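Take a look at the structure set out below.
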Amino acid sequence: MKKNRTKQLVELIVTSIFIILFVYSCGIYRPVDAKKIPPSAQERVKQNIEKGEGFRAKNLLKRNSGGNFDFATSNEMWRATLDVLDFAPLSNVDYSGGLIITDWFNEKKNKKNSLKITVRFLSNEIRSDGIEVTLHKKECDNNLECSIGKYSGKLNNEIKLAILKKATILQKASKDKYKKEMGEYKTNNLEKAD
């Protein structure tokens with residue numbers, strides 16, 4: 001009789017623990033304000049896609065061997081840097097590491113001196129301390145013996161300033177385009193509702 005009661009008590013405790021774990025594993029219930037939920041499913045889908053939330057059934061069976069860095073095109077600093085440095089050949093471009101390095105390049109009139117530009121992204125925000133531009137200069141003599149050293153001059157700041165200006169222009173254009181698209185989207189949905 002005592003064994004049965006002990007067994008029943010243990011079963012009750014174990015069952016209680018499982019029920020408690022099950023209830024609390026679901027998370028805390030937070031009611032949703034119906035006013036904040038978009039009225040149509042299409043609008044919710046569009047908002048989720050813009051935020052990068054959710055998934056698509058057609059992508060479930062695809063296997064990706066590496067990372068997907070498509071979002072680099074939405075980073076204005078990155079795009080501005082590629083636009084500004086389009087005159088030089090690139091040797092290393094690593095979005096995930098936040099690094100762009102050009103190959104050695106020179107002017108046709110002075111082939112003995114070459115420059116290499118390294119741009120490091122310290123932030124995705126458009127600000128002067130969010131980017132670091134370093135130049136290296138290679139000077140070769142007539143015997144083709146070369147020395148390489150850091151180049152510090154006005155060119156570093158000029159490149160940095162050009163990148164920041166271009167990024168600001170791209171950001172403004174992106175915001176304007178988004179506002180225009182959202183205005184058209186809202187207009188189209190209002191016409192459908194009528």
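The chains in the structure tokens are called A, B, ... from first to last as shown; in each chain the residues are counted from 1, and the ligands are counted from 1 in the order shown.
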
Can you pull out every residue within 12 Å of A:Val93, counting only C-alpha atoms, but drop anything in the same chain fewer than 3 positions away, and send it as an mmCIF file with N, CA and C atoms, in the first residue's frame?
```
data_model
loop_
_atom_site.group_PDB
_atom_site.id
_atom_site.type_symbol
_atom_site.label_atom_id
_atom_site.label_comp_id
_atom_site.auth_asym_id
_atom_site.auth_seq_id
_atom_site.Cartn_x
_atom_site.Cartn_y
_atom_site.Cartn_z
ATOM 1 N N ALA A 72 24.248 42.558 -49.891
ATOM 2 C CA ALA A 72 25.310 43.540 -50.097
ATOM 3 C C ALA A 72 24.840 44.671 -51.001
ATOM 4 N N TRP A 78 28.773 50.106 -49.120
ATOM 5 C CA TRP A 78 29.421 49.101 -49.960
ATOM 6 C C TRP A 78 29.292 49.473 -51.437
ATOM 7 N N ARG A 79 28.073 49.800 -51.855
ATOM 8 C CA ARG A 79 27.849 50.162 -53.252
ATOM 9 C C ARG A 79 28.615 51.419 -53.633
ATOM 10 N N THR A 81 31.425 52.520 -52.344
ATOM 11 C CA THR A 81 32.849 52.205 -52.444
ATOM 12 C C THR A 81 33.168 51.544 -53.777
ATOM 13 N N LEU A 82 32.328 50.606 -54.190
ATOM 14 C CA LEU A 82 32.555 49.953 -55.487
ATOM 15 C C LEU A 82 32.437 50.960 -56.631
ATOM 16 N N LEU A 85 35.647 53.246 -56.535
ATOM 17 C CA LEU A 85 36.884 52.537 -56.902
ATOM 18 C C LEU A 85 36.777 51.798 -58.230
ATOM 19 N N PRO A 89 41.516 48.003 -60.644
ATOM 20 C CA PRO A 89 41.160 46.580 -60.593
ATOM 21 C C PRO A 89 41.109 46.115 -59.135
ATOM 22 N N LEU A 90 40.137 45.273 -58.814
ATOM 23 C CA LEU A 90 39.973 44.801 -57.456
ATOM 24 C C LEU A 90 40.650 43.439 -57.289
ATOM 25 N N SER A 96 31.400 39.923 -46.228
ATOM 26 C CA SER A 96 31.203 39.443 -44.855
ATOM 27 C C SER A 96 32.317 39.916 -43.936
ATOM 28 N N GLY A 97 33.500 40.134 -44.470
ATOM 29 C CA GLY A 97 34.609 40.644 -43.671
ATOM 30 C C GLY A 97 34.700 42.158 -43.684
ATOM 31 N N GLY A 98 33.920 42.811 -44.541
ATOM 32 C CA GLY A 98 33.915 44.267 -44.614
ATOM 33 C C GLY A 98 35.217 44.824 -45.157
ATOM 34 N N LEU A 99 35.678 44.262 -46.280
ATOM 35 C CA LEU A 99 36.983 44.635 -46.803
ATOM 36 C C LEU A 99 36.972 44.672 -48.328
ATOM 37 N N ILE A 100 37.539 45.732 -48.882
ATOM 38 C CA ILE A 100 37.757 45.828 -50.325
ATOM 39 C C ILE A 100 39.207 46.248 -50.530
ATOM 40 N N ILE A 101 39.938 45.479 -51.343
ATOM 41 C CA ILE A 101 41.336 45.789 -51.634
ATOM 42 C C ILE A 101 41.502 45.827 -53.153
ATOM 43 N N THR A 102 42.090 46.910 -53.640
ATOM 44 C CA THR A 102 42.371 46.991 -55.072
ATOM 45 C C THR A 102 43.700 46.305 -55.361
ATOM 46 N N ASP A 103 43.913 46.017 -56.616
ATOM 47 C CA ASP A 103 45.207 45.519 -57.060
ATOM 48 C C ASP A 103 46.125 46.728 -57.243
ATOM 49 N N ILE A 117 44.775 50.410 -52.772
ATOM 50 C CA ILE A 117 43.824 50.999 -51.825
ATOM 51 C C ILE A 117 43.130 49.877 -51.052
ATOM 52 N N THR A 118 43.074 50.042 -49.737
ATOM 53 C CA THR A 118 42.353 49.114 -48.867
ATOM 54 C C THR A 118 41.254 49.895 -48.158
ATOM 55 N N VAL A 119 40.018 49.394 -48.249
ATOM 56 C CA VAL A 119 38.891 50.026 -47.572
ATOM 57 C C VAL A 119 38.312 49.011 -46.589
ATOM 58 N N ARG A 120 38.277 49.397 -45.323
ATOM 59 C CA ARG A 120 37.694 48.562 -44.266
ATOM 60 C C ARG A 120 36.418 49.227 -43.767
ATOM 61 N N PHE A 121 35.361 48.429 -43.639
ATOM 62 C CA PHE A 121 34.083 48.934 -43.136
ATOM 63 C C PHE A 121 33.989 48.606 -41.658
#
```

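Computed from the coordinates, the atom CA of A:Gly149 to atom CA of A:Asn106 distance equals 15.3 Å.
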
Practice item. May I have the residues within 10 Å of stretch 107-113 of chain A as a PyMOL selection string, using only C-alpha atoms and disregarding those fewer than 4 positions away in the same chain? Key: chain A and resi 137-142+144-148

Mind writing the picked residues with C-alpha atoms as a PDB file, in the first residue's frame?
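Wrote again_16.pdb, looks like this:
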```
ATOM      1  CA  LYS A 137      52.632  53.019 -52.429  1.00  0.00           C
ATOM      2  CA  LYS A 138      55.099  50.867 -54.337  1.00  0.00           C
ATOM      3  CA  GLU A 139      58.126  52.700 -55.697  1.00  0.00           C
ATOM      4  CA  CYS A 140      60.446  50.904 -58.089  1.00  0.00           C
ATOM      5  CA  ASP A 141      63.837  52.090 -59.330  1.00  0.00           C
ATOM      6  CA  ASN A 142      65.463  51.460 -62.715  1.00  0.00           C
ATOM      7  CA  LEU A 144      63.124  47.051 -60.789  1.00  0.00           C
ATOM      8  CA  GLU A 145      63.823  46.879 -57.076  1.00  0.00           C
ATOM      9  CA  CYS A 146      60.686  47.995 -55.318  1.00  0.00           C
ATOM     10  CA  SER A 147      59.903  49.319 -51.876  1.00  0.00           C
ATOM     11  CA  ILE A 148      56.430  49.319 -50.409  1.00  0.00           C
TER      12      ILE A 148
END
```

Practice item. Can you pull out every residue within 10 Å of A:Leu155, counting only C-alpha atoms, but drop anything in the same chain fewer than 5 positions away, and send it as an NGL selection string? Key: :A and (133-135 or 160-161)
